[in-house]
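K.L.:
Got a structure for you, entry-v7.csv, holding CSV, C-alpha atoms.
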```csv
chain,number,residue,atom,x,y,z
I,209,MET,CA,17.2,-17.4,-39.8
I,210,ALA,CA,18.5,-13.9,-39.0
I,211,GLU,CA,16.3,-12.1,-41.6
I,212,ALA,CA,13.1,-13.6,-40.1
I,213,LEU,CA,14.0,-12.4,-36.6
I,214,THR,CA,11.6,-9.6,-35.5
I,215,GLY,CA,11.7,-7.5,-32.4
I,216,GLU,CA,8.4,-9.0,-31.5
I,217,ALA,CA,9.7,-12.6,-31.7
I,218,ILE,CA,12.7,-11.6,-29.5
I,219,LEU,CA,10.3,-10.0,-26.9
I,220,ALA,CA,8.1,-13.1,-26.8
I,221,ALA,CA,11.1,-15.3,-26.4
I,222,THR,CA,12.5,-13.0,-23.6
I,223,GLU,CA,9.2,-13.2,-21.7
I,224,GLU,CA,9.3,-17.0,-22.0
I,225,VAL,CA,13.0,-17.1,-20.8
I,226,LEU,CA,12.2,-14.8,-17.9
I,227,ARG,CA,9.2,-17.0,-17.0
I,228,ARG,CA,11.5,-20.1,-17.0
I,229,TYR,CA,14.7,-18.8,-15.3
I,230,GLY,CA,13.5,-15.8,-13.4
I,231,PRO,CA,14.8,-12.2,-13.7
I,232,ALA,CA,18.1,-12.9,-11.8
I,233,LYS,CA,19.3,-15.7,-14.0
I,234,ALA,CA,17.8,-14.9,-17.5
I,235,THR,CA,20.5,-13.8,-19.9
I,236,VAL,CA,20.6,-12.6,-23.6
I,237,VAL,CA,22.4,-15.8,-24.5
I,238,ASP,CA,19.3,-17.8,-23.1
I,239,VAL,CA,17.1,-15.7,-25.4
I,240,ALA,CA,19.3,-16.2,-28.4
I,241,LYS,CA,19.4,-20.0,-27.7
I,242,ALA,CA,15.6,-20.2,-27.4
I,243,LEU,CA,15.4,-18.5,-30.8
I,244,GLY,CA,18.2,-20.5,-32.4
I,245,VAL,CA,20.2,-17.4,-33.3
I,246,SER,CA,23.5,-15.8,-32.1
I,247,HIS,CA,23.3,-13.3,-29.3
I,248,GLY,CA,24.7,-10.7,-31.8
I,249,SER,CA,21.4,-11.0,-33.7
I,250,VAL,CA,19.5,-10.2,-30.5
I,251,TYR,CA,21.8,-7.2,-29.8
I,252,ARG,CA,21.1,-5.9,-33.3
I,253,HIS,CA,17.5,-5.3,-32.2
I,254,PHE,CA,18.2,-4.4,-28.6
I,255,PRO,CA,21.6,-2.8,-27.9
I,256,THR,CA,21.9,-3.8,-24.2
I,257,LYS,CA,20.4,-6.4,-21.9
I,258,ALA,CA,18.8,-3.5,-20.0
I,259,ALA,CA,17.1,-2.2,-23.2
I,260,LEU,CA,15.8,-5.7,-23.9
I,261,ARG,CA,14.4,-6.1,-20.4
I,262,GLU,CA,12.8,-2.6,-20.5
I,263,ALA,CA,11.2,-3.4,-23.9
I,264,VAL,CA,9.7,-6.6,-22.7
I,265,THR,CA,8.4,-4.9,-19.5
I,266,ARG,CA,6.9,-2.1,-21.6
I,267,ARG,CA,5.2,-4.6,-23.9
I,268,TRP,CA,3.7,-6.4,-20.9
I,269,LEU,CA,2.5,-3.1,-19.4
I,270,ASP,CA,1.1,-1.8,-22.7
I,271,ALA,CA,-1.2,-4.9,-22.9
I,272,ILE,CA,-2.5,-3.9,-19.4
I,273,HIS,CA,-3.0,-0.3,-20.5
I,274,LEU,CA,-4.9,-1.3,-23.6
I,275,GLU,CA,-7.0,-3.8,-21.6
I,276,MET,CA,-7.8,-1.1,-19.0
I,277,GLU,CA,-8.6,1.4,-21.7
I,278,SER,CA,-11.3,-1.0,-23.0
I,279,VAL,CA,-13.2,-0.8,-19.7
I,280,LEU,CA,-13.0,3.0,-19.4
I,281,ASP,CA,-16.6,3.8,-20.2
I,282,ALA,CA,-18.6,0.6,-19.7
I,283,GLY,CA,-21.0,1.9,-17.1
I,284,ALA,CA,-24.0,4.3,-17.0
I,285,SER,CA,-22.3,6.9,-14.8
I,286,ALA,CA,-18.8,8.2,-13.9
I,287,ALA,CA,-19.1,6.4,-10.5
I,288,ASP,CA,-20.0,3.1,-12.2
I,289,ASN,CA,-17.1,3.6,-14.6
I,290,LEU,CA,-14.6,4.3,-11.8
I,291,ARG,CA,-15.9,1.3,-9.8
I,292,ALA,CA,-15.7,-1.0,-12.8
I,293,TRP,CA,-12.3,0.2,-13.8
I,294,LEU,CA,-10.8,-0.2,-10.4
I,295,GLN,CA,-12.5,-3.6,-10.0
I,296,HIS,CA,-11.1,-4.8,-13.4
I,297,LEU,CA,-7.6,-3.7,-12.4
I,298,PHE,CA,-7.9,-5.4,-9.0
I,299,ASP,CA,-9.2,-8.7,-10.5
I,300,ARG,CA,-6.6,-8.7,-13.2
I,301,LYS,CA,-3.7,-8.2,-10.8
I,302,ARG,CA,-5.1,-10.7,-8.3
I,303,LEU,CA,-5.6,-13.3,-11.0
I,304,SER,CA,-2.1,-12.7,-12.4
I,305,HIS,CA,-0.6,-13.0,-8.9
I,306,VAL,CA,-2.5,-16.3,-8.2
I,307,ASP,CA,-2.3,-18.0,-11.6
I,308,GLU,CA,1.2,-17.0,-12.7
I,309,PRO,CA,3.1,-16.1,-9.4
I,310,GLU,CA,6.6,-16.5,-11.0
I,311,LEU,CA,5.7,-14.2,-13.9
I,312,PHE,CA,4.0,-11.7,-11.5
I,313,ALA,CA,7.1,-11.7,-9.3
I,314,THR,CA,9.4,-11.3,-12.4
I,315,PHE,CA,7.6,-8.3,-13.7
I,316,LYS,CA,7.5,-6.8,-10.2
I,317,VAL,CA,11.3,-6.9,-10.3
I,318,LEU,CA,11.5,-5.7,-13.9
I,319,VAL,CA,9.3,-2.7,-13.2
I,320,SER,CA,11.1,-1.7,-10.1
I,321,GLU,CA,14.6,-2.0,-11.6
I,322,SER,CA,13.9,0.7,-14.3
I,323,ARG,CA,14.0,4.4,-13.6
I,324,ILE,CA,11.4,5.4,-16.2
I,325,ILE,CA,9.0,2.4,-16.4
I,326,PRO,CA,7.2,2.9,-13.1
I,327,GLU,CA,6.4,6.5,-14.1
I,328,TYR,CA,5.4,5.3,-17.6
I,329,HIS,CA,2.9,2.8,-16.1
I,330,LEU,CA,1.6,5.2,-13.4
I,331,GLY,CA,1.2,8.0,-16.0
I,332,HIS,CA,-1.0,5.7,-18.2
I,333,LEU,CA,-3.2,4.4,-15.4
I,334,VAL,CA,-3.6,7.7,-13.5
I,335,GLY,CA,-4.3,9.3,-16.9
I,336,GLN,CA,-7.2,6.9,-17.4
I,337,ILE,CA,-8.6,7.6,-13.9
I,338,ALA,CA,-8.4,11.4,-14.8
I,339,ARG,CA,-10.4,10.8,-17.9
I,340,ILE,CA,-13.2,9.1,-15.9
I,341,ILE,CA,-13.2,11.9,-13.3
I,342,SER,CA,-13.2,14.5,-16.1
I,343,ALA,CA,-16.2,13.0,-17.7
I,344,GLY,CA,-17.9,13.0,-14.2
I,345,VAL,CA,-17.1,16.7,-13.8
I,346,GLU,CA,-18.6,17.4,-17.2
I,347,THR,CA,-21.9,15.8,-16.2
I,348,ARG,CA,-21.7,17.4,-12.7
I,349,GLU,CA,-21.6,14.0,-11.1
I,350,PHE,CA,-18.2,14.8,-9.6
I,351,VAL,CA,-16.7,18.0,-8.3
I,352,THR,CA,-13.0,18.8,-8.2
I,353,ASP,CA,-11.0,21.9,-9.1
I,354,ASP,CA,-7.9,19.8,-10.0
I,355,VAL,CA,-8.7,16.6,-12.0
I,356,GLN,CA,-5.0,15.4,-12.2
I,357,ARG,CA,-4.4,15.8,-8.4
I,358,THR,CA,-7.7,14.1,-7.6
I,359,ALA,CA,-6.9,11.2,-10.0
I,360,GLN,CA,-3.6,10.7,-8.3
I,361,ALA,CA,-5.5,10.7,-4.9
I,362,VAL,CA,-7.9,8.0,-6.2
I,363,TRP,CA,-4.9,5.9,-7.3
I,364,ASP,CA,-3.1,6.4,-4.0
I,365,ALA,CA,-6.2,5.6,-1.9
I,366,THR,CA,-6.6,2.3,-3.8
I,367,GLN,CA,-2.9,1.2,-3.5
I,368,MET,CA,-4.0,-1.8,-1.4
I,369,PHE,CA,-5.8,-3.2,-4.4
I,370,HIS,CA,-3.2,-2.7,-7.1
I,371,HIS,CA,0.3,-2.2,-5.6
I,372,PRO,CA,2.2,-5.6,-5.8
I,373,ALA,CA,3.5,-5.0,-2.2
I,374,HIS,CA,0.0,-5.8,-1.0
I,375,ALA,CA,-0.4,-9.0,-3.1
I,376,GLN,CA,-0.2,-11.2,0.0
I,377,GLU,CA,-3.4,-9.5,1.3
I,378,TRP,CA,-5.4,-10.2,-1.9
I,379,GLY,CA,-6.2,-13.7,-0.6
I,380,ASN,CA,-7.8,-12.3,2.6
I,381,PRO,CA,-11.5,-13.5,2.7
I,382,HIS,CA,-12.7,-10.0,3.4
I,383,ILE,CA,-10.7,-8.3,0.7
I,384,GLN,CA,-13.6,-7.7,-1.7
I,385,GLU,CA,-15.7,-6.2,1.1
I,386,GLU,CA,-12.7,-3.9,1.9
I,387,PHE,CA,-12.4,-2.9,-1.8
I,388,ASP,CA,-16.1,-2.1,-1.9
I,389,ALA,CA,-15.9,0.1,1.3
I,390,VAL,CA,-12.8,2.0,0.0
I,391,VAL,CA,-14.3,2.6,-3.5
I,392,SER,CA,-17.6,3.8,-1.9
I,393,LEU,CA,-15.7,6.2,0.3
I,394,VAL,CA,-13.7,7.5,-2.7
I,395,VAL,CA,-16.8,7.9,-4.9
I,396,ALA,CA,-18.6,9.7,-2.1
I,397,GLY,CA,-15.6,12.0,-1.8
I,398,LEU,CA,-15.7,12.8,-5.5
I,399,ARG,CA,-19.4,13.7,-5.3
I,400,TYR,CA,-19.1,16.0,-2.3
I,401,ASN,CA,-19.0,19.7,-2.7
I,402,ARG,CA,-21.8,19.4,-5.2
I,403,THR,CA,-24.0,22.4,-4.4
I,404,PRO,CA,-27.8,22.0,-4.6
I,405,SER,CA,-28.0,24.1,-7.7
I,406,ALA,CA,-25.6,21.7,-9.5
I,407,THR,CA,-27.5,18.5,-8.8
I,408,GLY,CA,-30.0,19.1,-11.6
I,409,ASP,CA,-32.8,17.4,-9.7
I,410,ALA,CA,-33.0,19.6,-6.6
H,86,MET,CA,21.3,-10.3,40.1
H,87,ALA,CA,18.4,-12.7,39.3
H,88,GLU,CA,16.0,-11.2,41.9
H,89,ALA,CA,16.4,-7.7,40.4
H,90,LEU,CA,15.6,-9.0,36.9
H,91,THR,CA,12.2,-7.6,35.7
H,92,GLY,CA,10.3,-8.4,32.6
H,93,GLU,CA,10.7,-4.7,31.6
H,94,ALA,CA,14.5,-4.9,31.9
H,95,ILE,CA,14.5,-8.0,29.7
H,96,LEU,CA,12.4,-6.3,27.1
H,97,ALA,CA,14.5,-3.2,27.1
H,98,ALA,CA,17.6,-5.3,26.7
H,99,THR,CA,16.0,-7.4,23.9
H,100,GLU,CA,15.1,-4.3,22.0
H,101,GLU,CA,18.7,-3.1,22.3
H,102,VAL,CA,20.0,-6.6,21.1
H,103,LEU,CA,17.6,-6.6,18.2
H,104,ARG,CA,18.7,-3.1,17.2
H,105,ARG,CA,22.4,-4.2,17.3
H,106,TYR,CA,22.2,-7.7,15.7
H,107,GLY,CA,19.0,-7.5,13.7
H,108,PRO,CA,16.1,-10.0,13.9
H,109,ALA,CA,17.8,-12.8,12.1
H,110,LYS,CA,20.8,-13.1,14.4
H,111,ALA,CA,19.6,-11.9,17.8
H,112,THR,CA,19.3,-14.8,20.3
H,113,VAL,CA,18.1,-15.2,23.9
H,114,VAL,CA,21.8,-15.9,24.9
H,115,ASP,CA,22.7,-12.4,23.5
H,116,VAL,CA,19.9,-10.9,25.7
H,117,ALA,CA,21.1,-12.8,28.8
H,118,LYS,CA,24.7,-11.7,28.1
H,119,ALA,CA,23.7,-8.1,27.8
H,120,LEU,CA,21.9,-8.3,31.2
H,121,GLY,CA,24.7,-10.4,32.8
H,122,VAL,CA,22.4,-13.2,33.7
H,123,SER,CA,21.9,-16.8,32.5
H,124,HIS,CA,19.6,-17.6,29.7
H,125,GLY,CA,17.6,-19.6,32.2
H,126,SER,CA,16.7,-16.4,34.0
H,127,VAL,CA,15.4,-14.9,30.8
H,128,TYR,CA,13.3,-18.1,30.1
H,129,ARG,CA,11.8,-17.8,33.6
H,130,HIS,CA,10.1,-14.6,32.4
H,131,PHE,CA,9.5,-15.6,28.8
H,132,PRO,CA,9.1,-19.3,28.1
H,133,THR,CA,10.2,-19.2,24.5
H,134,LYS,CA,12.2,-17.0,22.1
H,135,ALA,CA,9.0,-16.5,20.2
H,136,ALA,CA,7.2,-15.3,23.4
H,137,LEU,CA,10.1,-12.9,24.1
H,138,ARG,CA,10.0,-11.5,20.6
H,139,GLU,CA,6.2,-11.1,20.7
H,140,ALA,CA,6.4,-9.3,24.0
H,141,VAL,CA,9.0,-6.8,22.8
H,142,THR,CA,7.0,-6.2,19.7
H,143,ARG,CA,3.8,-5.6,21.7
H,144,ARG,CA,5.7,-3.2,24.0
H,145,TRP,CA,6.9,-1.2,21.0
H,146,LEU,CA,3.4,-1.1,19.4
H,147,ASP,CA,1.7,-0.2,22.7
H,148,ALA,CA,3.9,2.9,22.9
H,149,ILE,CA,2.6,3.9,19.4
H,150,HIS,CA,-1.0,3.1,20.4
H,151,LEU,CA,-0.6,5.3,23.5
H,152,GLU,CA,1.0,8.1,21.6
H,153,MET,CA,-1.7,8.0,18.9
H,154,GLU,CA,-4.4,7.9,21.6
H,155,SER,CA,-3.0,11.3,22.9
H,156,VAL,CA,-3.8,13.0,19.5
H,157,LEU,CA,-7.3,11.6,19.2
H,158,ASP,CA,-9.2,14.8,19.9
H,159,ALA,CA,-6.8,17.6,19.5
H,160,GLY,CA,-8.8,19.5,16.9
H,161,ALA,CA,-12.0,21.5,16.7
H,162,SER,CA,-13.9,19.1,14.4
H,163,ALA,CA,-14.0,15.4,13.6
H,164,ALA,CA,-12.4,16.2,10.2
H,165,ASP,CA,-9.6,18.1,12.0
H,166,ASN,CA,-9.1,15.2,14.4
H,167,LEU,CA,-8.9,12.6,11.6
H,168,ARG,CA,-6.5,14.7,9.6
H,169,ALA,CA,-4.2,15.4,12.6
H,170,TRP,CA,-4.3,11.7,13.7
H,171,LEU,CA,-3.4,10.4,10.2
H,172,GLN,CA,-0.7,13.1,9.9
H,173,HIS,CA,0.8,12.2,13.3
H,174,LEU,CA,0.9,8.5,12.4
H,175,PHE,CA,2.5,9.3,9.0
H,176,ASP,CA,5.1,11.6,10.5
H,177,ARG,CA,5.9,9.2,13.2
H,178,LYS,CA,6.4,6.2,10.8
H,179,ARG,CA,8.4,8.4,8.3
H,180,LEU,CA,10.7,9.7,11.1
H,181,SER,CA,11.2,6.2,12.5
H,182,HIS,CA,12.0,4.9,9.0
H,183,VAL,CA,14.6,7.7,8.3
H,184,ASP,CA,16.1,8.1,11.8
H,185,GLU,CA,16.3,4.4,12.8
H,186,PRO,CA,16.1,2.4,9.6
H,187,GLU,CA,17.5,-0.8,11.3
H,188,LEU,CA,15.0,-0.7,14.1
H,189,PHE,CA,12.2,0.1,11.7
H,190,ALA,CA,13.2,-2.9,9.5
H,191,THR,CA,13.5,-5.1,12.6
H,192,PHE,CA,10.0,-4.3,13.8
H,193,LYS,CA,8.7,-4.8,10.3
H,194,VAL,CA,10.0,-8.4,10.5
H,195,LEU,CA,8.9,-8.9,14.0
H,196,VAL,CA,5.3,-7.7,13.3
H,197,SER,CA,5.0,-9.9,10.2
H,198,GLU,CA,6.4,-13.1,11.8
H,199,SER,CA,3.6,-13.2,14.4
H,200,ARG,CA,0.1,-14.4,13.6
H,201,ILE,CA,-1.7,-12.3,16.2
H,202,ILE,CA,0.4,-9.1,16.4
H,203,PRO,CA,-0.7,-7.6,13.1
H,204,GLU,CA,-4.3,-8.0,14.1
H,205,TYR,CA,-3.6,-6.6,17.6
H,206,HIS,CA,-2.0,-3.5,16.1
H,207,LEU,CA,-4.6,-3.0,13.4
H,208,GLY,CA,-7.4,-3.5,15.9
H,209,HIS,CA,-6.0,-0.7,18.1
H,210,LEU,CA,-5.4,1.8,15.3
H,211,VAL,CA,-8.6,1.1,13.4
H,212,GLY,CA,-10.4,1.3,16.7
H,213,GLN,CA,-9.1,4.8,17.3
H,214,ILE,CA,-10.2,5.9,13.8
H,215,ALA,CA,-13.6,4.4,14.6
H,216,ARG,CA,-13.8,6.6,17.7
H,217,ILE,CA,-13.0,9.8,15.7
H,218,ILE,CA,-15.7,8.8,13.1
H,219,SER,CA,-18.2,8.0,15.8
H,220,ALA,CA,-17.7,11.4,17.4
H,221,GLY,CA,-18.2,12.9,13.9
H,222,VAL,CA,-21.4,11.0,13.4
H,223,GLU,CA,-22.7,12.2,16.8
H,224,THR,CA,-22.2,15.8,15.8
H,225,ARG,CA,-23.6,15.1,12.3
H,226,GLU,CA,-20.3,16.1,10.7
H,227,PHE,CA,-19.9,12.6,9.2
H,228,VAL,CA,-22.5,10.2,7.9
H,229,THR,CA,-22.1,6.4,7.9
H,230,ASP,CA,-24.3,3.5,8.8
H,231,ASP,CA,-21.4,1.3,9.7
H,232,VAL,CA,-18.6,3.0,11.7
H,233,GLN,CA,-16.3,0.0,12.0
H,234,ARG,CA,-16.5,-0.8,8.3
H,235,THR,CA,-15.9,2.9,7.4
H,236,ALA,CA,-13.0,3.1,9.9
H,237,GLN,CA,-11.4,0.1,8.1
H,238,ALA,CA,-11.9,1.8,4.8
H,239,VAL,CA,-10.2,5.0,6.0
H,240,TRP,CA,-7.3,2.8,7.2
H,241,ASP,CA,-7.1,1.0,3.9
H,242,ALA,CA,-7.4,4.1,1.8
H,243,THR,CA,-4.3,5.6,3.7
H,244,GLN,CA,-2.1,2.4,3.5
H,245,MET,CA,0.4,4.4,1.4
H,246,PHE,CA,1.1,6.6,4.4
H,247,HIS,CA,1.5,4.0,7.1
H,248,HIS,CA,2.2,0.5,5.6
H,249,PRO,CA,5.9,-0.2,5.9
H,250,ALA,CA,5.9,-1.7,2.3
H,251,HIS,CA,5.5,1.9,1.1
H,252,ALA,CA,8.4,3.3,3.2
H,253,GLN,CA,10.5,3.8,0.1
H,254,GLU,CA,8.0,6.3,-1.3
H,255,TRP,CA,8.0,8.4,1.9
H,256,GLY,CA,11.0,10.3,0.7
H,257,ASN,CA,9.2,11.4,-2.5
H,258,PRO,CA,9.2,15.2,-2.7
H,259,HIS,CA,5.4,15.3,-3.4
H,260,ILE,CA,4.4,12.8,-0.7
H,261,GLN,CA,2.9,15.4,1.7
H,262,GLU,CA,0.9,16.8,-1.2
H,263,GLU,CA,-0.4,13.3,-2.0
H,264,PHE,CA,-1.2,12.7,1.6
H,265,ASP,CA,-3.2,16.0,1.7
H,266,ALA,CA,-5.1,15.0,-1.4
H,267,VAL,CA,-6.0,11.5,-0.2
H,268,VAL,CA,-7.1,12.8,3.3
H,269,SER,CA,-9.2,15.5,1.6
H,270,LEU,CA,-10.9,12.9,-0.6
H,271,VAL,CA,-11.5,10.6,2.4
H,272,VAL,CA,-12.9,13.5,4.6
H,273,ALA,CA,-15.2,14.6,1.8
H,274,GLY,CA,-16.4,11.0,1.5
H,275,LEU,CA,-17.2,10.8,5.2
H,276,ARG,CA,-19.2,14.1,4.9
H,277,TYR,CA,-21.2,13.0,1.9
H,278,ASN,CA,-24.8,11.7,2.2
H,279,ARG,CA,-25.4,14.5,4.7
H,280,THR,CA,-29.0,15.6,3.9
H,281,PRO,CA,-29.8,19.3,4.0
H,282,SER,CA,-31.9,18.9,7.1
H,283,ALA,CA,-29.0,17.4,9.0
H,284,THR,CA,-26.5,20.3,8.3
H,285,GLY,CA,-28.0,22.4,11.1
H,286,ASP,CA,-27.2,25.6,9.3
H,287,ALA,CA,-29.3,25.1,6.1
```
Can the structure in the file be given as structure tokens, please?

P.N.:
Amino acid sequence: MAEALTGEAILAATEEVLRRYGPAKATVVDVAKALGVSHGSVYRHFPTKAALREAVTRRWLDAIHLEMESVLDAGASAADNLRAWLQHLFDRKRLSHVDEPELFATFKVLVSESRIIPEYHLGHLVGQIARIISAGVETREFVTDDVQRTAQAVWDATQMFHHPAHAQEWGNPHIQEEFDAVVSLVVAGLRYNRTPSATGDA
Amino acid sequence: MAEALTGEAILAATEEVLRRYGPAKATVVDVAKALGVSHGSVYRHFPTKAALREAVTRRWLDAIHLEMESVLDAGASAADNLRAWLQHLFDRKRLSHVDEPELFATFKVLVSESRIIPEYHLGHLVGQIARIISAGVETREFVTDDVQRTAQAVWDATQMFHHPAHAQEWGNPHIQEEFDAVVSLVVAGLRYNRTPSATGDA
């Protein structure tokens, strides 16, 4: 059995154990039991319980990063792309919170208990926003003298629609309307400062 | 003693009791003891424990509403006013969180346990933002066809700097920089759509 044990199989089993027992009760022994191996076999792949939990969290977040990457340039303009990207992230988080509340709560705990994971996640997603803004600056649709700082501002201004602390508000009947109003305000902000000579159609 | 007992004295004592025991343990009997009266005397002013808690929360929020009202038109432009108002709210919340963490946590619980209080608080503060935006629309500094919806969007886009769920982030060394970037983006958004003929100085 031990030679067939892959890191990926351990991570899949860990996610299942976390889903079943929750982050407070799940142990490495539970993971080993679920796989029918000794806990030593698990430790050969992941030296500590913290390392195992971090790896499973990273795997979960990487799937989100990859999925978000695929909607980076779906639209006809940078504004469309930004709106679609933010909408996709919001829909995904909202769905995950409603459909799998235990798993959502589990990963909320796992992300917050790590020192490096939140930065890792934020870096990826703010980086994707920066790419959308950068493309908009190229085509003169957006104006900013600091893409990274502006990408962070777009992320911060939309906290209500992706930060898990706001999950309770996602069931509010007016939430999509509020999302639309915030994104419109943000997109208008990214367009401002465009001088008449830069519009191309003046 | 009973004839000297005012609603205001009961509310001041209740705030003190909440500060000392926390929202989970504070009782009407504690409040009565602190005032040297029977709990019946307290119930003569506030029929239930819930009514007393709601009244003390409302009193605390009203002080914030009044203070925020005083910084409504301190600046030379609507943009200055909005920036100063948001900064004042952020500074006040941040200070309260750092200086009086128990009281801050207590009122966070009290606000969230009431069905009508969050709406009451939100209505007041979003209403003040609407007044700033309205004044900016009058002078053609801002453009919007729906002041109330836009005021809500400004509130939502700045959640990170006033929602208590984000209090842990307020100690972040870059938080003021992030605040400045979000407010700049929001103000730019409020200015956009201004047609050349409306600038007055074109």

K.L.:
Residues of chain I within 8 Å of chain H, counting only C-alpha atoms, what are they? List them as a VMD selection string.

P.N.:
chain I and resid 357 to 358 360 to 362 364 to 368 373 to 374 386 389 to 390 393 to 401

K.L.:
Mind writing the picked residues with C-alpha atoms as a short mmCIF file (atom, residue, chain, number, x, y, z; two decimals), in the coordinates of the input?

P.N.:
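What landed in again_18.cif:
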```
data_model
loop_
_atom_site.label_atom_id
_atom_site.label_comp_id
_atom_site.auth_asym_id
_atom_site.auth_seq_id
_atom_site.Cartn_x
_atom_site.Cartn_y
_atom_site.Cartn_z
CA ARG I 357 -4.40 15.80 -8.40
CA THR I 358 -7.70 14.10 -7.60
CA GLN I 360 -3.60 10.70 -8.30
CA ALA I 361 -5.50 10.70 -4.90
CA VAL I 362 -7.90 8.00 -6.20
CA ASP I 364 -3.10 6.40 -4.00
CA ALA I 365 -6.20 5.60 -1.90
CA THR I 366 -6.60 2.30 -3.80
CA GLN I 367 -2.90 1.20 -3.50
CA MET I 368 -4.00 -1.80 -1.40
CA ALA I 373 3.50 -5.00 -2.20
CA HIS I 374 0.00 -5.80 -1.00
CA GLU I 386 -12.70 -3.90 1.90
CA ALA I 389 -15.90 0.10 1.30
CA VAL I 390 -12.80 2.00 0.00
CA LEU I 393 -15.70 6.20 0.30
CA VAL I 394 -13.70 7.50 -2.70
CA VAL I 395 -16.80 7.90 -4.90
CA ALA I 396 -18.60 9.70 -2.10
CA GLY I 397 -15.60 12.00 -1.80
CA LEU I 398 -15.70 12.80 -5.50
CA ARG I 399 -19.40 13.70 -5.30
CA TYR I 400 -19.10 16.00 -2.30
CA ASN I 401 -19.00 19.70 -2.70
#
```

K.L.:
My list of candidates is H:His173, H:Pro108, H:Leu90, H:Arg168. Which is closest to Gly125 (chain H) when distances are computed with only C-alpha atoms?

P.N.:
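Closest candidate: H:Leu90.
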
K.L.:
Can you measure CA of Ser162 (chain H) to CA of Phe350 (chain I) for me? One decimal in Å is fine.

P.N.:
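Taking CA of Ser162 (chain H) and CA of Phe350 (chain I), their separation equals 24.8 Å.
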
K.L.:
Here's a test: counting all atoms listed in the file, identify every protein, DNA and RNA residue with an atom at most 9 Å from (15.3, -3.4, 19.5) in the file's coordinate frame, and state them as a list in words.

P.N.:
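Counting all atoms listed in the file, I find these residues within 9 Å of (15.3, -3.4, 19.5): Leu96, Ala97, Ala98, Thr99, Glu100, Glu101, Val102, Leu103, Arg104, Arg105, Tyr106, Gly107, Pro108, Val141, Thr142, Trp145, Glu187, Leu188, Thr191 and Phe192 of chain H.
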
K.L.:
Write a file of the just-selected residues containing C-alpha atoms, as an mmCIF file, keeping the file's coordinate frame.

P.N.:
```
data_model
loop_
_atom_site.group_PDB
_atom_site.id
_atom_site.type_symbol
_atom_site.label_atom_id
_atom_site.label_comp_id
_atom_site.auth_asym_id
_atom_site.auth_seq_id
_atom_site.Cartn_x
_atom_site.Cartn_y
_atom_site.Cartn_z
ATOM 1 C CA LEU H 96 12.400 -6.300 27.100
ATOM 2 C CA ALA H 97 14.500 -3.200 27.100
ATOM 3 C CA ALA H 98 17.600 -5.300 26.700
ATOM 4 C CA THR H 99 16.000 -7.400 23.900
ATOM 5 C CA GLU H 100 15.100 -4.300 22.000
ATOM 6 C CA GLU H 101 18.700 -3.100 22.300
ATOM 7 C CA VAL H 102 20.000 -6.600 21.100
ATOM 8 C CA LEU H 103 17.600 -6.600 18.200
ATOM 9 C CA ARG H 104 18.700 -3.100 17.200
ATOM 10 C CA ARG H 105 22.400 -4.200 17.300
ATOM 11 C CA TYR H 106 22.200 -7.700 15.700
ATOM 12 C CA GLY H 107 19.000 -7.500 13.700
ATOM 13 C CA PRO H 108 16.100 -10.000 13.900
ATOM 14 C CA VAL H 141 9.000 -6.800 22.800
ATOM 15 C CA THR H 142 7.000 -6.200 19.700
ATOM 16 C CA TRP H 145 6.900 -1.200 21.000
ATOM 17 C CA GLU H 187 17.500 -0.800 11.300
ATOM 18 C CA LEU H 188 15.000 -0.700 14.100
ATOM 19 C CA THR H 191 13.500 -5.100 12.600
ATOM 20 C CA PHE H 192 10.000 -4.300 13.800
#
```

K.L.:
Of the residues H:Ser199, H:Val222, H:Leu180, H:Phe189, which is the one nearest to Gly256 (chain H), using all atoms listed in the file?

P.N.:
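Answer, going by the shortest atom-to-atom distance: H:Leu180.
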
K.L.:
Rank H:Leu157, H:Glu139, H:Ser197, H:Asn166 by their smallest atom-to-atom distance to Gln376 (chain I), using only C-alpha atoms, and report the top residue only.

P.N.:
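Going through H:Leu157, H:Glu139, H:Ser197, H:Asn166 one by one, the smallest distance to Gln376 (chain I) is for H:Ser197.
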
K.L.:
Quick one: residues within 7 Å of His370 (chain I), only C-alpha atoms, excluding same-chain residues fewer than 4 positions away - as an NGL selection string?

P.N.:
:I and (297-298 or 301 or 366)

K.L.:
Can those selected residues be exported to a file as a short mmCIF file (atom, residue, chain, number, x, y, z; two decimals), in the coordinates of the input so that it contains C-alpha atoms?

P.N.:
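Output below, filename selection.cif:
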```cif
data_model
loop_
_atom_site.label_atom_id
_atom_site.label_comp_id
_atom_site.auth_asym_id
_atom_site.auth_seq_id
_atom_site.Cartn_x
_atom_site.Cartn_y
_atom_site.Cartn_z
CA LEU I 297 -7.60 -3.70 -12.40
CA PHE I 298 -7.90 -5.40 -9.00
CA LYS I 301 -3.70 -8.20 -10.80
CA THR I 366 -6.60 2.30 -3.80
#
```

K.L.:
Rank I:Gln336, I:Ile341, I:Leu330, I:Ala232 by their smallest atom-to-atom distance to Ser278 (chain I), using only C-alpha atoms, and report the top residue only.

P.N.:
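Closest to Ser278 (chain I) of all the choices is I:Gln336.
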
K.L.:
What is the distance, in Å and to one decimal place, between CA of Asp165 (chain H) and CA of His182 (chain H)?

P.N.:
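CA of Asp165 (chain H) sits 25.5 Å away from CA of His182 (chain H).
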
K.L.:
Fewer than 5 positions away in the same chain doesn't count, so skip those; otherwise give me all residues within 7 Å of Ala286 (chain I), counting all atoms listed in the file, as a ChimeraX atom specification.

P.N.:
/I:340-341,343-344

K.L.:
Rounded to one decimal in Å, what is the spacing between CA of Leu151 (chain H) and CA of Arg138 (chain H)?

P.N.:
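Separating CA of Leu151 (chain H) from CA of Arg138 (chain H) is a distance of 20.1 Å.
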